[in-house]
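J.: Got a structure for you, entry_17.cif, holding mmCIF, C-alpha atoms.
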```cif
data_entry
loop_
_atom_site.label_atom_id
_atom_site.label_comp_id
_atom_site.auth_asym_id
_atom_site.auth_seq_id
_atom_site.Cartn_x
_atom_site.Cartn_y
_atom_site.Cartn_z
CA MET A 15 18.45 22.40 0.72
CA PRO A 16 19.45 22.19 4.40
CA ARG A 17 16.51 22.76 6.72
CA SER A 18 16.56 25.43 9.41
CA GLY A 19 17.29 24.16 12.90
CA HIS A 20 14.18 25.87 14.26
CA PRO A 21 11.27 23.39 14.42
CA THR A 22 8.56 25.98 13.71
CA LYS A 23 10.34 27.28 10.62
CA THR A 24 11.00 23.74 9.44
CA LYS A 25 7.33 22.80 9.85
CA LEU A 26 6.22 25.85 7.87
CA ILE A 27 8.63 24.98 5.05
CA ASP A 28 7.68 21.29 5.00
CA THR A 29 3.95 22.08 5.11
CA THR A 30 4.26 24.50 2.20
CA ALA A 31 6.44 22.08 0.22
CA ALA A 32 3.79 19.37 0.69
CA LEU A 33 1.03 21.74 -0.42
CA LEU A 34 2.98 22.62 -3.57
CA LYS A 35 2.71 18.97 -4.66
CA THR A 36 -1.09 19.08 -4.72
CA THR A 37 -2.07 22.75 -4.94
CA PRO A 38 -1.28 25.37 -7.60
CA ARG A 39 1.13 27.96 -6.29
CA SER A 40 -1.39 30.75 -6.93
CA GLU A 41 -3.91 29.05 -4.60
CA ILE A 42 -1.56 28.70 -1.63
CA SER A 43 -2.53 31.36 0.88
CA THR A 44 -1.30 32.32 4.32
CA ASP A 45 -4.49 30.93 5.86
CA LEU A 46 -4.12 27.60 4.04
CA ILE A 47 -0.56 27.16 5.31
CA LEU A 48 -1.47 28.19 8.86
CA ASN A 49 -4.55 25.97 9.00
CA THR A 50 -2.62 23.00 7.64
CA SER A 51 0.40 23.46 9.88
CA GLY A 52 -1.40 24.66 13.01
CA ILE A 53 1.15 27.47 13.38
CA SER A 54 0.23 31.07 14.21
CA LYS A 55 0.49 33.98 11.79
CA GLY A 56 2.89 35.73 14.14
CA SER A 57 5.30 32.80 13.96
CA LEU A 58 5.16 32.77 10.17
CA TYR A 59 6.11 36.44 9.92
CA HIS A 60 8.75 36.00 12.57
CA HIS A 61 10.60 33.52 10.36
CA PHE A 62 9.76 34.90 6.91
CA GLU A 63 9.55 38.38 5.45
CA ASP A 64 6.32 37.55 3.65
CA LEU A 65 4.28 34.68 2.22
CA GLU A 66 6.26 34.77 -1.01
CA GLU A 67 9.54 34.18 0.82
CA LEU A 68 8.06 31.11 2.52
CA ILE A 69 6.76 29.76 -0.79
CA GLU A 70 10.13 30.41 -2.46
CA THR A 71 11.91 28.57 0.34
CA ALA A 72 9.55 25.61 0.04
CA MET A 73 10.03 25.51 -3.72
CA LEU A 74 13.79 25.44 -3.24
CA VAL A 75 13.46 22.61 -0.73
CA ARG A 76 11.48 20.51 -3.18
CA TYR A 77 13.86 21.41 -6.02
CA THR A 78 16.98 20.43 -4.12
CA ASP A 79 15.74 17.47 -2.05
CA TRP A 80 15.77 15.10 -5.00
CA VAL A 81 19.26 16.16 -6.09
CA ASP A 82 20.54 15.92 -2.51
CA SER A 83 19.18 12.37 -2.31
CA SER A 84 20.92 11.46 -5.57
CA ILE A 85 24.19 12.92 -4.27
CA ASP A 86 23.89 10.80 -1.13
CA LEU A 87 23.34 7.72 -3.28
CA ILE A 88 26.40 8.50 -5.41
CA MET A 89 28.55 8.99 -2.29
CA ASP A 90 27.39 5.64 -0.97
CA ILE A 91 28.20 3.98 -4.30
CA ILE A 92 31.74 5.36 -4.34
CA GLU A 93 32.42 4.43 -0.72
CA LYS A 94 31.30 0.82 -1.27
CA SER A 95 33.00 0.28 -4.64
CA LYS A 96 36.31 -1.54 -4.96
CA THR A 97 36.84 -1.35 -8.73
CA PRO A 98 35.76 0.83 -11.69
CA ASN A 99 33.35 -1.95 -12.69
CA ASP A 100 31.74 -1.77 -9.25
CA VAL A 101 31.20 1.94 -9.78
CA TYR A 102 29.76 1.39 -13.23
CA ASN A 103 27.35 -1.37 -12.20
CA SER A 104 26.03 0.70 -9.31
CA LEU A 105 25.63 3.82 -11.47
CA VAL A 106 23.62 1.75 -13.95
CA GLN A 107 21.06 1.19 -11.20
CA LEU A 108 21.13 4.89 -10.30
CA THR A 109 20.49 5.79 -13.93
CA LYS A 110 17.47 3.49 -13.98
CA PHE A 111 16.13 5.19 -10.85
CA THR A 112 16.70 8.82 -11.87
CA GLN A 113 15.52 8.45 -15.47
CA ASP A 114 12.42 6.40 -14.75
CA PRO A 115 9.23 7.63 -16.50
CA SER A 116 7.53 7.71 -13.08
CA ARG A 117 9.79 10.65 -12.13
CA ARG A 118 8.26 12.81 -14.86
CA ALA A 119 6.54 15.13 -12.36
CA GLU A 120 9.81 15.97 -10.60
CA ARG A 121 11.55 16.76 -13.89
CA ILE A 122 8.70 19.03 -14.96
CA TYR A 123 8.73 20.72 -11.55
CA ARG A 124 12.45 21.47 -11.76
CA ALA A 125 12.00 22.97 -15.22
CA GLU A 126 9.11 25.07 -13.91
CA ILE A 127 11.30 26.39 -11.08
CA LEU A 128 13.92 27.57 -13.57
CA GLY A 129 11.21 29.46 -15.45
CA ILE A 130 9.91 31.10 -12.28
CA ALA A 131 13.42 32.22 -11.32
CA ASP A 132 13.85 33.95 -14.66
CA GLY A 133 11.13 36.42 -13.65
CA SER A 134 12.12 36.96 -10.02
CA PRO A 135 15.56 38.42 -9.19
CA ARG A 136 15.33 37.51 -5.49
CA PHE A 137 14.32 33.93 -6.21
CA ALA A 138 16.90 33.68 -8.99
CA GLN A 139 19.65 34.62 -6.55
CA ARG A 140 18.50 32.07 -3.98
CA LEU A 141 18.19 29.37 -6.63
CA ALA A 142 21.67 30.20 -7.94
CA GLU A 143 23.11 29.78 -4.45
CA GLU A 144 21.43 26.39 -4.00
CA GLN A 145 22.39 25.26 -7.48
CA GLN A 146 25.99 26.18 -6.78
CA ARG A 147 25.90 24.16 -3.56
CA LEU A 148 24.56 21.12 -5.39
CA THR A 149 27.09 21.42 -8.21
CA ASN A 150 29.97 21.89 -5.77
CA ALA A 151 28.91 18.76 -3.89
CA LEU A 152 28.93 16.75 -7.12
CA VAL A 153 32.28 18.22 -8.15
CA ASP A 154 33.81 17.13 -4.83
CA ILE A 155 32.49 13.59 -5.25
CA ILE A 156 33.68 13.37 -8.85
CA ARG A 157 37.13 14.69 -7.93
CA ASP A 158 37.42 12.07 -5.18
CA THR A 159 36.29 9.43 -7.65
CA GLN A 160 38.98 10.52 -10.07
CA GLU A 161 41.63 10.41 -7.35
CA SER A 162 40.51 6.86 -6.52
CA GLY A 163 41.07 5.88 -10.13
CA TYR A 164 37.40 5.18 -10.88
CA PHE A 165 36.83 8.14 -13.23
CA ARG A 166 39.19 9.48 -15.90
CA LYS A 167 41.27 12.34 -14.51
CA GLU A 168 41.61 14.27 -17.76
CA ILE A 169 37.94 15.28 -17.82
CA ASP A 170 37.04 18.40 -15.85
CA PRO A 171 34.97 17.39 -12.78
CA HIS A 172 32.88 20.55 -13.02
CA ALA A 173 31.91 19.67 -16.60
CA ILE A 174 30.93 16.15 -15.51
CA ALA A 175 28.83 17.52 -12.62
CA VAL A 176 26.91 19.85 -14.93
CA LEU A 177 26.41 17.15 -17.57
CA ILE A 178 24.99 14.71 -15.02
CA GLN A 179 22.43 17.30 -13.90
CA ALA A 180 21.70 18.36 -17.47
CA TYR A 181 20.85 14.93 -18.84
CA THR A 182 18.69 14.16 -15.82
CA LEU A 183 16.68 17.37 -16.18
CA GLY A 184 16.81 17.27 -19.98
CA LYS A 185 14.70 14.13 -20.09
CA VAL A 186 11.75 16.51 -19.54
CA ILE A 187 11.91 17.25 -23.28
CA ASP A 188 10.99 13.66 -24.03
CA ASP A 189 8.31 13.68 -21.33
CA TYR A 190 6.27 15.93 -23.67
CA SER A 191 6.96 13.98 -26.84
CA LEU A 192 4.21 12.21 -28.78
CA THR A 193 6.66 9.38 -29.45
CA PRO A 194 8.89 9.12 -26.35
CA VAL A 195 12.25 7.43 -26.67
CA ASN A 196 12.43 3.85 -25.46
CA PRO A 197 13.47 4.20 -21.77
CA GLU A 198 15.91 1.30 -22.06
CA LYS A 199 17.59 2.90 -25.09
CA TRP A 200 17.84 6.22 -23.25
CA ASN A 201 19.39 4.57 -20.21
CA GLU A 202 21.73 2.61 -22.46
CA LEU A 203 23.02 5.88 -23.94
CA ILE A 204 23.62 7.39 -20.50
CA ASN A 205 25.32 4.26 -19.27
CA THR A 206 27.56 4.24 -22.34
CA ILE A 207 28.64 7.80 -21.51
CA ILE A 208 29.35 6.78 -17.93
CA ARG A 209 31.26 3.66 -18.95
CA LYS A 210 33.30 4.95 -21.89
CA VAL A 211 33.64 8.68 -21.19
CA PHE A 212 33.58 9.07 -17.41
CA ILE A 213 35.19 5.78 -16.38
CA GLY A 214 37.07 4.86 -19.56
CA LEU A 215 36.07 1.22 -19.73
CA ASP A 216 35.81 -0.59 -23.09
#
```
Represent the structure from my file as structure tokens, please.
T.:
Amino acid sequence: MPRSGHPTKTKLIDTTAALLKTTPRSEISTDLILNTSGISKGSLYHHFEDLEELIETAMLVRYTDWVDSSIDLIMDIIEKSKTPNDVYNSLVQLTKFTQDPSRRAERIYRAEILGIADGSPRFAQRLAEEQQRLTNALVDIIRDTQESGYFRKEIDPHAIAVLIQAYTLGKVIDDYSLTPVNPEKWNELINTIIRKVFIGLD
């Protein structure tokens, strides 16, 4: 999620986003944010309608930052690749990074955000806008990749963009399993989809 250009607003958002990583949402108060950030109450209410709007904004920042980083990595991969095999080999490394068991907390957090949005119309609208931005960015990259001949053109780029996000988030199901799937087997499945379905390599 793009940060505001105003340094005070940005600091409030970043402070709250950092607190959300260590403190339950219900325990984050105005005083805690102000004491941690060193910003006045007047400044907070100048930039945000209420505490809940600030917390929602911070949650969106944390939700989208990881996806934005992945998008940047994919763009870099495409720009540096010369052949479909280059694309595949680089995406294999990206799969390993995004699906790593150590990223369990981020997957669970993203699932939690979706649940929160279901009970808050205002937050749901803001999340929908951010999700659309993220999906559109992936669609643009995938379309460019297809035009470069690295991905199969007959597959809808929007469908690919949603599937990529879905299998990354969907790993949260296995994060709660008593017998988790072998991470290498999981990555192998994803890489097979990338190689044979997206790229069309044998």
J.: Which polymer residues have any atom within 8 Å of an atom of stretch 209-211 of chain A, counting only C-alpha atoms, with same-chain residues fewer than 5 positions away left out, as an mmCIF file with C-alpha atoms, in the coordinates of the input?
T.:
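Listing of part.cif after writing:
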```cif
data_model
loop_
_atom_site.group_PDB
_atom_site.id
_atom_site.type_symbol
_atom_site.label_atom_id
_atom_site.label_comp_id
_atom_site.auth_asym_id
_atom_site.auth_seq_id
_atom_site.Cartn_x
_atom_site.Cartn_y
_atom_site.Cartn_z
ATOM 1 C CA TYR A 102 29.760 1.390 -13.230
ATOM 2 C CA ARG A 166 39.190 9.480 -15.900
ATOM 3 C CA ASP A 216 35.810 -0.590 -23.090
#
```
J.: Can you tell me how far atom CA of A:Arg147 sits from atom CA of A:Ile127, in Å to one decimal?
T.: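 About the pair atom CA of A:Arg147 and atom CA of A:Ile127: they are 16.6 Å apart.
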J.: Any chance you could resolve the PyMOL selection byres ((chain A and resi 64-75) around 6) against this file and give the residues as a list in words?
T.: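 On the file shown, the PyMOL selection byres ((chain A and resi 64-75) around 6) covers Met15, Ile27, Thr30, Ala31, Phe62, Glu63, Arg76, Tyr77, Thr78 and Asp79 of chain A.
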J.: Measuring atom to atom with only C-alpha atoms, identify which of A:Val195, A:Arg136, A:Ile88, A:Gly129 is nearest to A:Leu152.
T.: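 Counting only C-alpha atoms, the residue closest to A:Leu152 is A:Ile88.
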J.: Which is closer to A:Ile213 than all the others in A:Gly184, A:Gly163, A:Gly56, A:Pro197, using only C-alpha atoms?
T.: A:Gly163
J.: Counting all atoms listed in the file, what is within 8 Å of stretch 41-54 of chain A, bar same-chain residues fewer than 6 positions away, as a list in words?
T.: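 Using all atoms listed in the file, the neighbours found are Thr22, Lys25, Leu26, Thr29, Thr30, Leu33, Leu34 and Leu65 of chain A.
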J.: Could you tell me how far atom CA of A:Pro135 sits from atom CA of A:Lys23, in Å to one decimal place?
T.: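 So the two atoms, atom CA of A:Lys23 and atom CA of A:Pro135, lie 23.3 Å apart.
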J.: Evaluate the PyMOL selection byres ((chain A and resi 172) around 12) and record the selected residues as a PyMOL selection string, following the chain and residue labels used in the document.
T.: chain A and resi 146+148-157+167-171+173-179
J.: Just to be explicit: take each residue in the selection above, keep C-alpha atoms, and write the result as a short mmCIF file (atom, residue, chain, number, x, y, z; two decimals), keeping the file's coordinate frame.
T.:
```cif
data_model
loop_
_atom_site.label_atom_id
_atom_site.label_comp_id
_atom_site.auth_asym_id
_atom_site.auth_seq_id
_atom_site.Cartn_x
_atom_site.Cartn_y
_atom_site.Cartn_z
CA GLN A 146 25.99 26.18 -6.78
CA LEU A 148 24.56 21.12 -5.39
CA THR A 149 27.09 21.42 -8.21
CA ASN A 150 29.97 21.89 -5.77
CA ALA A 151 28.91 18.76 -3.89
CA LEU A 152 28.93 16.75 -7.12
CA VAL A 153 32.28 18.22 -8.15
CA ASP A 154 33.81 17.13 -4.83
CA ILE A 155 32.49 13.59 -5.25
CA ILE A 156 33.68 13.37 -8.85
CA ARG A 157 37.13 14.69 -7.93
CA LYS A 167 41.27 12.34 -14.51
CA GLU A 168 41.61 14.27 -17.76
CA ILE A 169 37.94 15.28 -17.82
CA ASP A 170 37.04 18.40 -15.85
CA PRO A 171 34.97 17.39 -12.78
CA ALA A 173 31.91 19.67 -16.60
CA ILE A 174 30.93 16.15 -15.51
CA ALA A 175 28.83 17.52 -12.62
CA VAL A 176 26.91 19.85 -14.93
CA LEU A 177 26.41 17.15 -17.57
CA ILE A 178 24.99 14.71 -15.02
CA GLN A 179 22.43 17.30 -13.90
#
```
J.: Please compute the atom CA of A:Ala138-atom CA of A:Val186 distance, one decimal, in Å.
T.: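 The value is 20.8 Å.
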J.: When distances are computed from all atoms listed in the file, which of A:Thr109, A:Glu198, A:Arg39, A:Tyr59 shows the smallest separation from A:Tyr181?
T.: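 Using all atoms listed in the file, the shortest distance to A:Tyr181 belongs to A:Thr109.
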J.: I'd like the contact shell of A:Asn99 - 10 Å cut-off, all atoms listed in the file, skipping same-chain residues fewer than 2 positions apart - returned as a list of chain:residue names.
T.: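 Result of the neighbour search: A:Ser95, A:Lys96, A:Thr97, A:Val101, A:Tyr102, A:Asn103, A:Ser104, A:Leu105, A:Tyr164, A:Arg209, A:Ile213, A:Leu215.
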J.: For the residues in that selection, give me C-alpha atoms as a PDB file, keeping the file's coordinate frame.
T.:
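That gives us part09.pdb:
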```pdb
ATOM      1  CA  SER A  95      33.000   0.280  -4.640  1.00  0.00           C
ATOM      2  CA  LYS A  96      36.310  -1.540  -4.960  1.00  0.00           C
ATOM      3  CA  THR A  97      36.840  -1.350  -8.730  1.00  0.00           C
ATOM      4  CA  VAL A 101      31.200   1.940  -9.780  1.00  0.00           C
ATOM      5  CA  TYR A 102      29.760   1.390 -13.230  1.00  0.00           C
ATOM      6  CA  ASN A 103      27.350  -1.370 -12.200  1.00  0.00           C
ATOM      7  CA  SER A 104      26.030   0.700  -9.310  1.00  0.00           C
ATOM      8  CA  LEU A 105      25.630   3.820 -11.470  1.00  0.00           C
ATOM      9  CA  TYR A 164      37.400   5.180 -10.880  1.00  0.00           C
ATOM     10  CA  ARG A 209      31.260   3.660 -18.950  1.00  0.00           C
ATOM     11  CA  ILE A 213      35.190   5.780 -16.380  1.00  0.00           C
ATOM     12  CA  LEU A 215      36.070   1.220 -19.730  1.00  0.00           C
TER      13      LEU A 215
END
```
J.: (9.1, 16.5, -11.8) in this file's frame - what residues fall within 12 Å of it? Use only C-alpha atoms and give the answer as an MDAnalysis selection string.
T.: chainID A and resid 34:35 76:81 112:127 182:187 189
J.: Name the closest residue to A:Lys94 among the candidates A:Phe137, A:Thr159, A:Leu128, A:Ala180; distances are taken between atoms, counting only C-alpha atoms.
T.: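 Residue with the minimum atom-to-atom distance to A:Lys94: A:Thr159.
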J.: Could you rebuild stretch 130-141 of chain A with all heavy atoms and give me the result as a PDB file, in the frame of the given file?
T.:
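As written to disk, out-v1.pdb reads:
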```
ATOM      1  N   ILE A 130      10.339  30.136 -13.295  1.00  0.00           N
ATOM      2  CA  ILE A 130       9.910  31.100 -12.280  1.00  0.00           C
ATOM      3  C   ILE A 130      11.064  32.020 -11.886  1.00  0.00           C
ATOM      4  O   ILE A 130      10.913  33.237 -11.749  1.00  0.00           O
ATOM      5  CB  ILE A 130       9.356  30.378 -11.040  1.00  0.00           C
ATOM      6  CG1 ILE A 130       8.033  29.679 -11.391  1.00  0.00           C
ATOM      7  CG2 ILE A 130       9.143  31.349  -9.875  1.00  0.00           C
ATOM      8  CD1 ILE A 130       7.519  28.758 -10.291  1.00  0.00           C
ATOM      9  N   ALA A 131      12.244  31.434 -11.725  1.00  0.00           N
ATOM     10  CA  ALA A 131      13.420  32.220 -11.320  1.00  0.00           C
ATOM     11  C   ALA A 131      13.766  33.286 -12.342  1.00  0.00           C
ATOM     12  O   ALA A 131      14.258  34.363 -11.986  1.00  0.00           O
ATOM     13  CB  ALA A 131      14.605  31.283 -11.102  1.00  0.00           C
ATOM     14  N   ASP A 132      13.510  33.004 -13.605  1.00  0.00           N
ATOM     15  CA  ASP A 132      13.850  33.950 -14.660  1.00  0.00           C
ATOM     16  C   ASP A 132      13.080  35.264 -14.515  1.00  0.00           C
ATOM     17  O   ASP A 132      13.529  36.302 -14.993  1.00  0.00           O
ATOM     18  CB  ASP A 132      13.565  33.330 -16.032  1.00  0.00           C
ATOM     19  CG  ASP A 132      14.192  34.118 -17.169  1.00  0.00           C
ATOM     20  OD1 ASP A 132      15.400  34.413 -17.077  1.00  0.00           O
ATOM     21  OD2 ASP A 132      13.489  34.451 -18.138  1.00  0.00           O
ATOM     22  N   GLY A 133      11.932  35.208 -13.818  1.00  0.00           N
ATOM     23  CA  GLY A 133      11.130  36.420 -13.650  1.00  0.00           C
ATOM     24  C   GLY A 133      11.176  37.011 -12.259  1.00  0.00           C
ATOM     25  O   GLY A 133      10.406  37.928 -11.944  1.00  0.00           O
ATOM     26  N   SER A 134      12.042  36.491 -11.401  1.00  0.00           N
ATOM     27  CA  SER A 134      12.120  36.960 -10.020  1.00  0.00           C
ATOM     28  C   SER A 134      13.581  37.056  -9.577  1.00  0.00           C
ATOM     29  O   SER A 134      14.191  36.042  -9.242  1.00  0.00           O
ATOM     30  CB  SER A 134      11.366  35.993  -9.092  1.00  0.00           C
ATOM     31  OG  SER A 134      11.577  36.333  -7.725  1.00  0.00           O
ATOM     32  N   PRO A 135      14.150  38.249  -9.563  1.00  0.00           N
ATOM     33  CA  PRO A 135      15.560  38.420  -9.190  1.00  0.00           C
ATOM     34  C   PRO A 135      15.909  37.834  -7.820  1.00  0.00           C
ATOM     35  O   PRO A 135      16.957  37.202  -7.663  1.00  0.00           O
ATOM     36  CB  PRO A 135      15.764  39.934  -9.223  1.00  0.00           C
ATOM     37  CG  PRO A 135      14.752  40.414 -10.215  1.00  0.00           C
ATOM     38  CD  PRO A 135      13.562  39.522  -9.996  1.00  0.00           C
ATOM     39  N   ARG A 136      15.032  38.034  -6.828  1.00  0.00           N
ATOM     40  CA  ARG A 136      15.330  37.510  -5.490  1.00  0.00           C
ATOM     41  C   ARG A 136      15.364  35.989  -5.502  1.00  0.00           C
ATOM     42  O   ARG A 136      16.293  35.370  -4.970  1.00  0.00           O
ATOM     43  CB  ARG A 136      14.277  37.983  -4.478  1.00  0.00           C
ATOM     44  CG  ARG A 136      14.533  37.457  -3.056  1.00  0.00           C
ATOM     45  CD  ARG A 136      13.548  37.996  -2.035  1.00  0.00           C
ATOM     46  NE  ARG A 136      12.231  37.390  -2.172  1.00  0.00           N
ATOM     47  CZ  ARG A 136      11.215  37.614  -1.332  1.00  0.00           C
ATOM     48  NH1 ARG A 136      11.374  38.453  -0.317  1.00  0.00           N
ATOM     49  NH2 ARG A 136      10.046  37.034  -1.517  1.00  0.00           N
ATOM     50  N   PHE A 137      14.370  35.385  -6.148  1.00  0.00           N
ATOM     51  CA  PHE A 137      14.320  33.930  -6.210  1.00  0.00           C
ATOM     52  C   PHE A 137      15.472  33.391  -7.054  1.00  0.00           C
ATOM     53  O   PHE A 137      16.061  32.351  -6.745  1.00  0.00           O
ATOM     54  CB  PHE A 137      12.987  33.471  -6.768  1.00  0.00           C
ATOM     55  CG  PHE A 137      12.794  31.983  -6.756  1.00  0.00           C
ATOM     56  CD1 PHE A 137      12.925  31.260  -5.582  1.00  0.00           C
ATOM     57  CD2 PHE A 137      12.487  31.293  -7.915  1.00  0.00           C
ATOM     58  CE1 PHE A 137      12.758  29.877  -5.559  1.00  0.00           C
ATOM     59  CE2 PHE A 137      12.310  29.920  -7.910  1.00  0.00           C
ATOM     60  CZ  PHE A 137      12.448  29.220  -6.720  1.00  0.00           C
ATOM     61  N   ALA A 138      15.805  34.101  -8.124  1.00  0.00           N
ATOM     62  CA  ALA A 138      16.900  33.680  -8.990  1.00  0.00           C
ATOM     63  C   ALA A 138      18.213  33.623  -8.208  1.00  0.00           C
ATOM     64  O   ALA A 138      19.012  32.691  -8.382  1.00  0.00           O
ATOM     65  CB  ALA A 138      17.042  34.623 -10.177  1.00  0.00           C
ATOM     66  N   GLN A 139      18.434  34.610  -7.340  1.00  0.00           N
ATOM     67  CA  GLN A 139      19.650  34.620  -6.550  1.00  0.00           C
ATOM     68  C   GLN A 139      19.692  33.452  -5.570  1.00  0.00           C
ATOM     69  O   GLN A 139      20.713  32.780  -5.419  1.00  0.00           O
ATOM     70  CB  GLN A 139      19.759  35.937  -5.770  1.00  0.00           C
ATOM     71  CG  GLN A 139      20.973  36.056  -4.862  1.00  0.00           C
ATOM     72  CD  GLN A 139      22.293  35.963  -5.603  1.00  0.00           C
ATOM     73  OE1 GLN A 139      22.397  36.446  -6.734  1.00  0.00           O
ATOM     74  NE2 GLN A 139      23.295  35.340  -4.986  1.00  0.00           N
ATOM     75  N   ARG A 140      18.558  33.179  -4.926  1.00  0.00           N
ATOM     76  CA  ARG A 140      18.500  32.070  -3.980  1.00  0.00           C
ATOM     77  C   ARG A 140      18.672  30.729  -4.692  1.00  0.00           C
ATOM     78  O   ARG A 140      19.356  29.825  -4.191  1.00  0.00           O
ATOM     79  CB  ARG A 140      17.173  32.103  -3.214  1.00  0.00           C
ATOM     80  CG  ARG A 140      16.979  33.349  -2.355  1.00  0.00           C
ATOM     81  CD  ARG A 140      15.719  33.278  -1.561  1.00  0.00           C
ATOM     82  NE  ARG A 140      15.803  32.239  -0.535  1.00  0.00           N
ATOM     83  CZ  ARG A 140      14.755  31.779   0.150  1.00  0.00           C
ATOM     84  NH1 ARG A 140      13.550  32.247  -0.102  1.00  0.00           N
ATOM     85  NH2 ARG A 140      14.919  30.853   1.059  1.00  0.00           N
ATOM     86  N   LEU A 141      18.055  30.604  -5.857  1.00  0.00           N
ATOM     87  CA  LEU A 141      18.190  29.370  -6.630  1.00  0.00           C
ATOM     88  C   LEU A 141      19.640  29.182  -7.085  1.00  0.00           C
ATOM     89  O   LEU A 141      20.171  28.067  -7.025  1.00  0.00           O
ATOM     90  CB  LEU A 141      17.259  29.392  -7.843  1.00  0.00           C
ATOM     91  CG  LEU A 141      17.327  28.175  -8.772  1.00  0.00           C
ATOM     92  CD1 LEU A 141      16.984  26.893  -8.025  1.00  0.00           C
ATOM     93  CD2 LEU A 141      16.399  28.365  -9.967  1.00  0.00           C
TER      94      LEU A 141
END
```
